[in-house]
$ cat entry01.cif   # mmCIF, C-alpha atoms; chains and numbers go by the auth columns
data_entry
#
loop_
_atom_site.group_PDB
_atom_site.id
_atom_site.type_symbol
_atom_site.label_atom_id
_atom_site.label_comp_id
_atom_site.label_asym_id
_atom_site.label_seq_id
_atom_site.Cartn_x
_atom_site.Cartn_y
_atom_site.Cartn_z
_atom_site.B_iso_or_equiv
_atom_site.auth_seq_id
_atom_site.auth_asym_id
ATOM 1 C CA MET A 1 0.000 0.000 0.000 0.00 1 O
ATOM 2 C CA ARG A 2 1.491 3.287 -1.084 0.00 2 O
ATOM 3 C CA ILE A 3 0.663 6.904 -1.854 0.00 3 O
ATOM 4 C CA ASN A 4 -0.117 7.171 -5.582 0.00 4 O
ATOM 5 C CA SER A 5 0.319 10.874 -6.255 0.00 5 O
ATOM 6 C CA GLY A 6 1.179 14.258 -4.836 0.00 6 O
ATOM 7 C CA ILE A 7 3.874 15.408 -2.440 0.00 7 O
ATOM 8 C CA ALA A 8 4.136 12.035 -0.654 0.00 8 O
ATOM 9 C CA ARG A 9 4.005 9.971 -3.845 0.00 9 O
ATOM 10 C CA GLY A 10 5.648 6.572 -3.591 0.00 10 O
ATOM 11 C CA ARG A 11 5.762 6.470 0.210 0.00 11 O
ATOM 12 C CA HIS A 12 4.732 3.092 1.574 0.00 12 O
ATOM 13 C CA LEU A 13 2.125 2.998 4.331 0.00 13 O
ATOM 14 C CA LYS A 14 2.031 0.605 7.248 0.00 14 O
ATOM 15 C CA SER A 15 -0.865 -1.816 7.671 0.00 15 O
ATOM 16 C CA VAL A 16 -2.869 -2.203 10.853 0.00 16 O
ATOM 17 C CA PRO A 17 -1.171 -5.146 12.624 0.00 17 O
ATOM 18 C CA ASN A 18 -4.124 -7.332 13.604 0.00 18 O
ATOM 19 C CA GLU A 19 -5.935 -7.675 10.257 0.00 19 O
ATOM 20 C CA SER A 20 -8.992 -5.878 11.705 0.00 20 O
ATOM 21 C CA THR A 21 -9.142 -3.519 8.752 0.00 21 O
ATOM 22 C CA ARG A 22 -9.777 -3.906 5.048 0.00 22 O
ATOM 23 C CA PRO A 23 -7.230 -1.657 3.335 0.00 23 O
ATOM 24 C CA VAL A 24 -8.323 0.065 0.150 0.00 24 O
ATOM 25 C CA THR A 25 -6.433 -1.250 -2.864 0.00 25 O
ATOM 26 C CA ASP A 26 -4.208 1.113 -4.823 0.00 26 O
ATOM 27 C CA ARG A 27 -6.454 0.539 -7.862 0.00 27 O
ATOM 28 C CA VAL A 28 -9.626 1.625 -6.051 0.00 28 O
ATOM 29 C CA LYS A 29 -7.906 4.558 -4.363 0.00 29 O
ATOM 30 C CA GLN A 30 -6.536 5.711 -7.734 0.00 30 O
ATOM 31 C CA ALA A 31 -10.046 5.425 -9.213 0.00 31 O
ATOM 32 C CA VAL A 32 -11.563 7.583 -6.445 0.00 32 O
ATOM 33 C CA PHE A 33 -9.053 10.347 -7.011 0.00 33 O
ATOM 34 C CA ASN A 34 -9.303 10.146 -10.811 0.00 34 O
ATOM 35 C CA ILE A 35 -13.076 10.624 -10.496 0.00 35 O
ATOM 36 C CA LEU A 36 -12.689 13.586 -8.131 0.00 36 O
ATOM 37 C CA ALA A 37 -9.785 15.090 -10.107 0.00 37 O
ATOM 38 C CA GLY A 38 -9.254 18.777 -9.284 0.00 38 O
ATOM 39 C CA ASP A 39 -11.952 18.846 -6.602 0.00 39 O
ATOM 40 C CA VAL A 40 -9.438 17.450 -4.096 0.00 40 O
ATOM 41 C CA LEU A 41 -7.310 20.603 -4.048 0.00 41 O
ATOM 42 C CA ASP A 42 -7.968 22.648 -0.881 0.00 42 O
ATOM 43 C CA SER A 43 -10.766 20.278 0.230 0.00 43 O
ATOM 44 C CA ARG A 44 -11.593 19.034 3.731 0.00 44 O
ATOM 45 C CA TRP A 45 -11.922 15.262 4.303 0.00 45 O
ATOM 46 C CA LEU A 46 -13.539 13.065 6.928 0.00 46 O
ATOM 47 C CA ASP A 47 -12.169 9.513 6.772 0.00 47 O
ATOM 48 C CA LEU A 48 -14.615 7.394 8.822 0.00 48 O
ATOM 49 C CA PHE A 49 -13.548 3.883 9.842 0.00 49 O
ATOM 50 C CA ALA A 50 -10.143 5.184 8.751 0.00 50 O
ATOM 51 C CA GLY A 51 -8.089 2.005 9.302 0.00 51 O
ATOM 52 C CA THR A 52 -4.639 2.831 7.901 0.00 52 O
ATOM 53 C CA GLY A 53 -5.703 6.355 6.919 0.00 53 O
ATOM 54 C CA ALA A 54 -4.729 5.650 3.308 0.00 54 O
ATOM 55 C CA VAL A 55 -7.605 7.584 1.703 0.00 55 O
ATOM 56 C CA GLY A 56 -7.303 10.712 3.818 0.00 56 O
ATOM 57 C CA ILE A 57 -3.516 10.653 3.517 0.00 57 O
ATOM 58 C CA GLU A 58 -3.778 10.315 -0.266 0.00 58 O
ATOM 59 C CA ALA A 59 -6.103 13.351 -0.257 0.00 59 O
ATOM 60 C CA LEU A 60 -3.593 15.352 1.805 0.00 60 O
ATOM 61 C CA SER A 61 -0.774 14.320 -0.522 0.00 61 O
ATOM 62 C CA ARG A 62 -2.837 15.574 -3.477 0.00 62 O
ATOM 63 C CA GLY A 63 -3.441 18.984 -1.941 0.00 63 O
ATOM 64 C CA ALA A 64 -6.401 18.646 0.411 0.00 64 O
ATOM 65 C CA ARG A 65 -6.390 21.368 3.067 0.00 65 O
ATOM 66 C CA ALA A 66 -7.202 19.056 5.983 0.00 66 O
ATOM 67 C CA ALA A 67 -8.273 15.537 6.893 0.00 67 O
ATOM 68 C CA THR A 68 -9.917 14.164 10.007 0.00 68 O
ATOM 69 C CA PHE A 69 -9.466 10.454 10.681 0.00 69 O
ATOM 70 C CA VAL A 70 -11.926 8.579 12.907 0.00 70 O
ATOM 71 C CA ASP A 71 -11.488 5.001 14.080 0.00 71 O
ATOM 72 C CA ILE A 72 -12.243 3.200 17.327 0.00 72 O
ATOM 73 C CA GLU A 73 -9.425 0.637 17.197 0.00 73 O
ATOM 74 C CA PRO A 74 -6.266 1.645 19.110 0.00 74 O
ATOM 75 C CA ALA A 75 -4.073 -0.238 16.606 0.00 75 O
ATOM 76 C CA ALA A 76 -5.637 1.708 13.733 0.00 76 O
ATOM 77 C CA ILE A 77 -5.102 5.029 15.522 0.00 77 O
ATOM 78 C CA ARG A 78 -1.412 4.191 16.074 0.00 78 O
ATOM 79 C CA THR A 79 -1.053 3.142 12.420 0.00 79 O
ATOM 80 C CA ILE A 80 -2.697 6.344 11.118 0.00 80 O
ATOM 81 C CA LYS A 81 -0.364 8.472 13.239 0.00 81 O
ATOM 82 C CA GLU A 82 2.671 6.498 12.035 0.00 82 O
ATOM 83 C CA ASN A 83 1.555 6.818 8.411 0.00 83 O
ATOM 84 C CA LEU A 84 1.074 10.566 8.810 0.00 84 O
ATOM 85 C CA GLN A 85 4.636 10.805 10.156 0.00 85 O
ATOM 86 C CA ILE A 86 6.001 8.648 7.297 0.00 86 O
ATOM 87 C CA THR A 87 4.372 10.940 4.739 0.00 87 O
ATOM 88 C CA GLY A 88 5.136 14.203 6.554 0.00 88 O
ATOM 89 C CA LEU A 89 1.452 15.203 6.481 0.00 89 O
ATOM 90 C CA ALA A 90 0.591 15.191 10.191 0.00 90 O
ATOM 91 C CA ASP A 91 0.362 18.989 10.367 0.00 91 O
ATOM 92 C CA ARG A 92 -2.879 18.996 8.317 0.00 92 O
ATOM 93 C CA ALA A 93 -4.484 16.037 10.069 0.00 93 O
ATOM 94 C CA ILE A 94 -6.651 15.408 13.097 0.00 94 O
ATOM 95 C CA VAL A 95 -6.810 11.829 14.399 0.00 95 O
ATOM 96 C CA ILE A 96 -9.752 10.955 16.647 0.00 96 O
ATOM 97 C CA ARG A 97 -10.297 7.709 18.505 0.00 97 O
ATOM 98 C CA SER A 98 -14.069 7.382 18.553 0.00 98 O
ATOM 99 C CA ASP A 99 -16.927 5.191 17.499 0.00 99 O
ATOM 100 C CA ALA A 100 -17.804 6.449 14.005 0.00 100 O
ATOM 101 C CA PHE A 101 -21.532 6.406 14.758 0.00 101 O
ATOM 102 C CA GLU A 102 -21.143 8.467 17.926 0.00 102 O
ATOM 103 C CA PHE A 103 -18.962 10.894 16.017 0.00 103 O
ATOM 104 C CA ILE A 104 -21.435 11.509 13.176 0.00 104 O
ATOM 105 C CA ARG A 105 -24.448 11.657 15.505 0.00 105 O
ATOM 106 C CA ALA A 106 -22.846 14.560 17.390 0.00 106 O
ATOM 107 C CA LYS A 107 -23.653 18.138 16.441 0.00 107 O
ATOM 108 C CA PRO A 108 -21.336 19.131 13.564 0.00 108 O
ATOM 109 C CA ASN A 109 -18.717 21.713 14.469 0.00 109 O
ATOM 110 C CA THR A 110 -17.467 21.850 10.880 0.00 110 O
ATOM 111 C CA SER A 111 -18.426 20.510 7.471 0.00 111 O
ATOM 112 C CA PHE A 112 -16.419 18.410 5.056 0.00 112 O
ATOM 113 C CA ASP A 113 -16.154 18.458 1.282 0.00 113 O
ATOM 114 C CA PHE A 114 -15.728 14.684 1.243 0.00 114 O
ATOM 115 C CA ILE A 115 -16.755 12.008 3.717 0.00 115 O
ATOM 116 C CA TYR A 116 -15.222 8.609 2.989 0.00 116 O
ATOM 117 C CA VAL A 117 -17.047 5.650 4.553 0.00 117 O
ATOM 118 C CA ALA A 118 -15.322 2.247 4.467 0.00 118 O
ATOM 119 C CA PRO A 119 -16.512 0.185 7.453 0.00 119 O
ATOM 120 C CA PRO A 120 -15.909 -3.501 8.114 0.00 120 O
ATOM 121 C CA GLN A 121 -17.790 -5.576 5.556 0.00 121 O
ATOM 122 C CA TYR A 122 -20.934 -7.715 5.793 0.00 122 O
ATOM 123 C CA GLN A 123 -22.296 -6.119 8.945 0.00 123 O
ATOM 124 C CA GLY A 124 -24.586 -3.492 7.424 0.00 124 O
ATOM 125 C CA LEU A 125 -22.398 -0.764 8.893 0.00 125 O
ATOM 126 C CA TRP A 126 -22.268 1.242 5.665 0.00 126 O
ATOM 127 C CA VAL A 127 -26.089 1.500 5.749 0.00 127 O
ATOM 128 C CA ARG A 128 -26.057 2.685 9.367 0.00 128 O
ATOM 129 C CA ALA A 129 -23.278 5.192 8.664 0.00 129 O
ATOM 130 C CA LEU A 130 -24.955 6.603 5.565 0.00 130 O
ATOM 131 C CA ALA A 131 -28.297 6.870 7.385 0.00 131 O
ATOM 132 C CA ALA A 132 -26.584 8.717 10.254 0.00 132 O
ATOM 133 C CA ILE A 133 -24.953 11.174 7.841 0.00 133 O
ATOM 134 C CA ASP A 134 -28.297 11.620 6.067 0.00 134 O
ATOM 135 C CA GLU A 135 -29.943 12.488 9.406 0.00 135 O
ATOM 136 C CA ASN A 136 -27.107 14.819 10.429 0.00 136 O
ATOM 137 C CA VAL A 137 -26.247 16.210 7.001 0.00 137 O
ATOM 138 C CA GLY A 138 -24.531 19.268 8.479 0.00 138 O
ATOM 139 C CA TRP A 139 -21.288 17.277 8.440 0.00 139 O
ATOM 140 C CA LEU A 140 -21.342 17.483 4.620 0.00 140 O
ATOM 141 C CA ASP A 141 -20.634 20.725 2.802 0.00 141 O
ATOM 142 C CA PRO A 142 -23.573 21.695 0.533 0.00 142 O
ATOM 143 C CA ASP A 143 -21.425 20.953 -2.539 0.00 143 O
ATOM 144 C CA GLY A 144 -19.726 17.933 -0.978 0.00 144 O
ATOM 145 C CA ALA A 145 -19.949 14.191 -1.496 0.00 145 O
ATOM 146 C CA VAL A 146 -20.124 11.062 0.614 0.00 146 O
ATOM 147 C CA ILE A 147 -18.133 8.185 -0.878 0.00 147 O
ATOM 148 C CA VAL A 148 -18.966 4.693 0.361 0.00 148 O
ATOM 149 C CA GLN A 149 -16.661 1.719 -0.232 0.00 149 O
ATOM 150 C CA LEU A 150 -18.275 -1.709 0.074 0.00 150 O
ATOM 151 C CA ASP A 151 -18.449 -5.200 -1.367 0.00 151 O
ATOM 152 C CA PRO A 152 -20.971 -5.221 -4.256 0.00 152 O
ATOM 153 C CA GLN A 153 -22.872 -8.068 -2.533 0.00 153 O
ATOM 154 C CA GLU A 154 -23.721 -5.664 0.288 0.00 154 O
ATOM 155 C CA PHE A 155 -25.337 -3.042 -1.929 0.00 155 O
ATOM 156 C CA ALA A 156 -29.050 -2.401 -1.820 0.00 156 O
ATOM 157 C CA PRO A 157 -30.763 0.917 -2.581 0.00 157 O
ATOM 158 C CA MET A 158 -31.850 2.716 0.542 0.00 158 O
ATOM 159 C CA PRO A 159 -34.318 5.524 1.146 0.00 159 O
ATOM 160 C CA LEU A 160 -32.628 8.781 2.114 0.00 160 O
ATOM 161 C CA ILE A 161 -34.010 12.241 2.835 0.00 161 O
ATOM 162 C CA ASN A 162 -31.050 14.582 2.398 0.00 162 O
ATOM 163 C CA LEU A 163 -28.704 12.543 0.205 0.00 163 O
ATOM 164 C CA GLU A 164 -29.044 10.986 -3.216 0.00 164 O
ATOM 165 C CA LEU A 165 -26.965 8.407 -5.051 0.00 165 O
ATOM 166 C CA VAL A 166 -25.384 10.156 -8.046 0.00 166 O
ATOM 167 C CA ASP A 167 -22.840 7.586 -9.235 0.00 167 O
ATOM 168 C CA GLN A 168 -21.670 4.050 -8.579 0.00 168 O
ATOM 169 C CA ARG A 169 -18.626 2.224 -9.863 0.00 169 O
ATOM 170 C CA ARG A 170 -17.431 -1.332 -9.502 0.00 170 O
ATOM 171 C CA TYR A 171 -13.811 -2.465 -9.383 0.00 171 O
ATOM 172 C CA GLY A 172 -13.727 -6.228 -8.955 0.00 172 O
ATOM 173 C CA LYS A 173 -14.910 -6.984 -5.410 0.00 173 O
ATOM 174 C CA THR A 174 -15.165 -3.320 -4.473 0.00 174 O
ATOM 175 C CA MET A 175 -18.015 -0.929 -5.183 0.00 175 O
ATOM 176 C CA LEU A 176 -17.854 2.833 -4.773 0.00 176 O
ATOM 177 C CA LEU A 177 -21.068 4.770 -4.190 0.00 177 O
ATOM 178 C CA PHE A 178 -21.133 8.559 -4.523 0.00 178 O
ATOM 179 C CA TYR A 179 -23.842 10.505 -2.695 0.00 179 O
ATOM 180 C CA GLU A 180 -24.520 14.239 -2.809 0.00 180 O
ATOM 181 C CA ARG A 181 -27.041 16.418 -1.059 0.00 181 O
ATOM 182 C CA SER A 182 -30.496 16.202 -2.643 0.00 182 O
ATOM 183 C CA SER A 183 -31.442 19.147 -4.827 0.00 183 O
#
$ encode --input "entry01.cif" --output "structure tokens"
Amino acid sequence: MRINSGIARGRHLKSVPNESTRPVTDRVKQAVFNILAGDVLDSRWLDLFAGTGAVGIEALSRGARAATFVDIEPAAIRTIKENLQITGLADRAIVIRSDAFEFIRAKPNTSFDFIYVAPPQYQGLWVRALAAIDENVGWLDPDGAVIVQLDPQEFAPMPLINLELVDQRRYGKTMLLFYERSS
């Protein structure tokens, strides 16, 4: 696992030691950032269920203004902090040890241009997370997007009030769903 582009390009990231996370593949990460293209520059990211922090760190490397990483696992928090040090991007990052659901149910004190949701698979957690963001949509900038990473077998359309599915892409055993605020 490495940084694909930007100021930390080529740096290798550490994995979370106990296999509790599902790291994003370089192919899927590259696809996300190709889709977003120039929108990453000067953006603010929330990396929920952050694991290694690879997505938020890639965003920082490509010019994002700031990234907030949320994970409940102590090993993941240590790994994110180590990866931020390896890449030299810690000065634009906030790392929070918290349950992702508690975090997004709290009153927003800021909004993000991008919220990346990649929870453990096959537990319906992506549905719960997306529903929580939909209910507390203040976390998402009016022109922002929620990006959900899941196994295609998990996908089922879901009713939302404030968000709408605007794009979906499949890369082997990974599906990316892009949600924006409803018009």
$ resolve_selection --input "entry01.cif" --expression "the PyMOL selection byres ((chain O and resi 53) around 9)" --output "list in words"
Leu13, Pro23, Asp47, Phe49, Ala50, Gly51, Thr52, Ala54, Val55, Gly56, Ile57, Glu58, Phe69, Val70, Ala76, Ile77, Thr79, Ile80, Lys81, Asn83 and Leu84 of chain O
$ write_last_selection --input "entry01.cif" --atoms "C-alpha atoms" --output "mmCIF file, in the coordinates of the input"
data_model
loop_
_atom_site.group_PDB
_atom_site.id
_atom_site.type_symbol
_atom_site.label_atom_id
_atom_site.label_comp_id
_atom_site.auth_asym_id
_atom_site.auth_seq_id
_atom_site.Cartn_x
_atom_site.Cartn_y
_atom_site.Cartn_z
ATOM 1 C CA LEU O 13 2.125 2.998 4.331
ATOM 2 C CA PRO O 23 -7.230 -1.657 3.335
ATOM 3 C CA ASP O 47 -12.169 9.513 6.772
ATOM 4 C CA PHE O 49 -13.548 3.883 9.842
ATOM 5 C CA ALA O 50 -10.143 5.184 8.751
ATOM 6 C CA GLY O 51 -8.089 2.005 9.302
ATOM 7 C CA THR O 52 -4.639 2.831 7.901
ATOM 8 C CA ALA O 54 -4.729 5.650 3.308
ATOM 9 C CA VAL O 55 -7.605 7.584 1.703
ATOM 10 C CA GLY O 56 -7.303 10.712 3.818
ATOM 11 C CA ILE O 57 -3.516 10.653 3.517
ATOM 12 C CA GLU O 58 -3.778 10.315 -0.266
ATOM 13 C CA PHE O 69 -9.466 10.454 10.681
ATOM 14 C CA VAL O 70 -11.926 8.579 12.907
ATOM 15 C CA ALA O 76 -5.637 1.708 13.733
ATOM 16 C CA ILE O 77 -5.102 5.029 15.522
ATOM 17 C CA THR O 79 -1.053 3.142 12.420
ATOM 18 C CA ILE O 80 -2.697 6.344 11.118
ATOM 19 C CA LYS O 81 -0.364 8.472 13.239
ATOM 20 C CA ASN O 83 1.555 6.818 8.411
ATOM 21 C CA LEU O 84 1.074 10.566 8.810
#
$ resolve_selection --input "entry01.cif" --expression "the PyMOL selection byres ((chain O and resi 1-12) around 8)" --output "PyMOL selection string"
chain O and resi 13-15+25-26+30+54+57-58+61-63+86-88
$ write_last_selection --input "entry01.cif" --atoms "C-alpha atoms" --output "PDB file, in the frame of the given file"
ATOM      1  CA  LEU O  13       2.125   2.998   4.331  1.00  0.00           C
ATOM      2  CA  LYS O  14       2.031   0.605   7.248  1.00  0.00           C
ATOM      3  CA  SER O  15      -0.865  -1.816   7.671  1.00  0.00           C
ATOM      4  CA  THR O  25      -6.433  -1.250  -2.864  1.00  0.00           C
ATOM      5  CA  ASP O  26      -4.208   1.113  -4.823  1.00  0.00           C
ATOM      6  CA  GLN O  30      -6.536   5.711  -7.734  1.00  0.00           C
ATOM      7  CA  ALA O  54      -4.729   5.650   3.308  1.00  0.00           C
ATOM      8  CA  ILE O  57      -3.516  10.653   3.517  1.00  0.00           C
ATOM      9  CA  GLU O  58      -3.778  10.315  -0.266  1.00  0.00           C
ATOM     10  CA  SER O  61      -0.774  14.320  -0.522  1.00  0.00           C
ATOM     11  CA  ARG O  62      -2.837  15.574  -3.477  1.00  0.00           C
ATOM     12  CA  GLY O  63      -3.441  18.984  -1.941  1.00  0.00           C
ATOM     13  CA  ILE O  86       6.001   8.648   7.297  1.00  0.00           C
ATOM     14  CA  THR O  87       4.372  10.940   4.739  1.00  0.00           C
ATOM     15  CA  GLY O  88       5.136  14.203   6.554  1.00  0.00           C
TER      16      GLY O  88
END
$ closest_residue --input "entry01.cif" --among "O:Leu46, O:Leu41, O:Glu82, O:Pro120" --to "O:Ile133" --atoms "all atoms listed in the file"
O:Leu46
$ residues_around --input "entry01.cif" --residues "O:Val40" --least-positions-apart "3" --cutoff "8 Å" --atoms "all atoms listed in the file" --output "MDAnalysis selection string"
chainID O and resid 33 36:37 43 59 62:64
$ resolve_selection --input "entry01.cif" --expression "the PyMOL selection byres ((chain O and resi 174) around 8)" --output "list in words"
Val28, Gln149, Leu150, Asp151, Pro152, Arg170, Tyr171, Gly172, Lys173, Met175 and Leu176 of chain O
$ closest_residue --input "entry01.cif" --among "O:Leu177, O:Ala118, O:Val166, O:Ala156" --to "O:Val24" --atoms "only C-alpha atoms"
O:Ala118
$ atom_distance --input "entry01.cif" --atom1 "atom CA of O:Ala100" --atom2 "atom CA of O:Ala131"
12.4 Å
$ residues_near_point --input "entry01.cif" --point "(-36.3, 12.0, 12.4)" --cutoff "12 Å" --atoms "all atoms listed in the file" --output "PDB file with C-alpha atoms, keeping the file's coordinate frame"
ATOM      1  CA  ALA O 131     -28.297   6.870   7.385  1.00  0.00           C
ATOM      2  CA  ALA O 132     -26.584   8.717  10.254  1.00  0.00           C
ATOM      3  CA  ASP O 134     -28.297  11.620   6.067  1.00  0.00           C
ATOM      4  CA  GLU O 135     -29.943  12.488   9.406  1.00  0.00           C
ATOM      5  CA  ASN O 136     -27.107  14.819  10.429  1.00  0.00           C
ATOM      6  CA  LEU O 160     -32.628   8.781   2.114  1.00  0.00           C
ATOM      7  CA  ILE O 161     -34.010  12.241   2.835  1.00  0.00           C
ATOM      8  CA  ASN O 162     -31.050  14.582   2.398  1.00  0.00           C
TER       9      ASN O 162
END
$ atom_distance --input "entry01.cif" --atom1 "atom CA of O:Leu89" --atom2 "atom CA of O:Val148"
23.8 Å
$ closest_residue --input "entry01.cif" --among "O:Phe178, O:Trp139, O:Trp45, O:Phe155" --to "O:Gln121" --atoms "only C-alpha atoms"
O:Phe155
$ atom_distance --input "entry01.cif" --atom1 "atom CA of O:Ile72" --atom2 "atom CA of O:Pro119"
11.2 Å
$ closest_residue --input "entry01.cif" --among "O:Arg128, O:Arg97, O:Arg181, O:Lys107" --to "O:Leu140" --atoms "all atoms listed in the file"
O:Arg181
$ closest_residue --input "entry01.cif" --among "O:Arg169, O:Arg44, O:Arg105, O:Arg78" --to "O:Pro17" --atoms "all atoms listed in the file"
O:Arg78
$ residues_near_point --input "entry01.cif" --point "(-28.7, -8.4, 4.2)" --cutoff "8 Å" --atoms "only C-alpha atoms" --output "list in words"
Tyr122, Gly124 and Glu154 of chain O
$ residues_around --input "entry01.cif" --residues "O:Thr110" --least-positions-apart "2" --cutoff "8 Å" --atoms "all atoms listed in the file" --output "PyMOL selection string"
chain O and resi 108+112+138-139
$ build_atoms --input "entry01.cif" --residues "stretch 157-174 of chain O" --atoms "N, CA and C atoms" --output "mmCIF file, in the frame of the given file"
data_model
loop_
_atom_site.group_PDB
_atom_site.id
_atom_site.type_symbol
_atom_site.label_atom_id
_atom_site.label_comp_id
_atom_site.auth_asym_id
_atom_site.auth_seq_id
_atom_site.Cartn_x
_atom_site.Cartn_y
_atom_site.Cartn_z
ATOM 1 N N PRO O 157 -30.317 -0.480 -2.663
ATOM 2 C CA PRO O 157 -30.763 0.917 -2.581
ATOM 3 C C PRO O 157 -31.418 1.177 -1.232
ATOM 4 N N MET O 158 -31.240 2.379 -0.742
ATOM 5 C CA MET O 158 -31.850 2.716 0.542
ATOM 6 C C MET O 158 -32.507 4.085 0.463
ATOM 7 N N PRO O 159 -33.631 4.236 1.170
ATOM 8 C CA PRO O 159 -34.318 5.524 1.146
ATOM 9 C C PRO O 159 -33.565 6.549 1.997
ATOM 10 N N LEU O 160 -33.323 7.703 1.426
ATOM 11 C CA LEU O 160 -32.628 8.781 2.114
ATOM 12 C C LEU O 160 -33.420 10.073 1.945
ATOM 13 N N ILE O 161 -33.289 10.974 2.894
ATOM 14 C CA ILE O 161 -34.010 12.241 2.835
ATOM 15 C C ILE O 161 -33.143 13.357 2.269
ATOM 16 N N ASN O 162 -31.911 13.457 2.752
ATOM 17 C CA ASN O 162 -31.050 14.582 2.398
ATOM 18 C C ASN O 162 -29.950 14.252 1.395
ATOM 19 N N LEU O 163 -29.755 12.977 1.121
ATOM 20 C CA LEU O 163 -28.704 12.543 0.205
ATOM 21 C C LEU O 163 -29.301 11.758 -0.944
ATOM 22 N N GLU O 164 -28.618 11.810 -2.088
ATOM 23 C CA GLU O 164 -29.044 10.986 -3.216
ATOM 24 C C GLU O 164 -27.828 10.357 -3.882
ATOM 25 N N LEU O 165 -28.018 9.129 -4.344
ATOM 26 C CA LEU O 165 -26.965 8.407 -5.051
ATOM 27 C C LEU O 165 -26.813 9.027 -6.436
ATOM 28 N N VAL O 166 -25.610 9.505 -6.756
ATOM 29 C CA VAL O 166 -25.384 10.156 -8.046
ATOM 30 C C VAL O 166 -24.466 9.353 -8.963
ATOM 31 N N ASP O 167 -23.742 8.388 -8.401
ATOM 32 C CA ASP O 167 -22.840 7.586 -9.235
ATOM 33 C C ASP O 167 -22.468 6.329 -8.456
ATOM 34 N N GLN O 168 -22.204 5.269 -9.180
ATOM 35 C CA GLN O 168 -21.670 4.050 -8.579
ATOM 36 C C GLN O 168 -20.735 3.405 -9.569
ATOM 37 N N ARG O 169 -19.651 2.863 -9.039
ATOM 38 C CA ARG O 169 -18.626 2.224 -9.863
ATOM 39 C C ARG O 169 -18.212 0.926 -9.192
ATOM 40 N N ARG O 170 -17.860 -0.038 -10.024
ATOM 41 C CA ARG O 170 -17.431 -1.332 -9.502
ATOM 42 C C ARG O 170 -16.032 -1.642 -10.014
ATOM 43 N N TYR O 171 -15.182 -2.083 -9.085
ATOM 44 C CA TYR O 171 -13.811 -2.465 -9.383
ATOM 45 C C TYR O 171 -13.576 -3.830 -8.756
ATOM 46 N N GLY O 172 -13.867 -4.877 -9.490
ATOM 47 C CA GLY O 172 -13.727 -6.228 -8.955
ATOM 48 C C GLY O 172 -14.659 -6.425 -7.773
ATOM 49 N N LYS O 173 -14.100 -6.728 -6.605
ATOM 50 C CA LYS O 173 -14.910 -6.984 -5.410
ATOM 51 C C LYS O 173 -15.108 -5.730 -4.559
ATOM 52 N N THR O 174 -14.944 -4.580 -5.182
ATOM 53 C CA THR O 174 -15.165 -3.320 -4.473
ATOM 54 C C THR O 174 -16.117 -2.452 -5.275
#
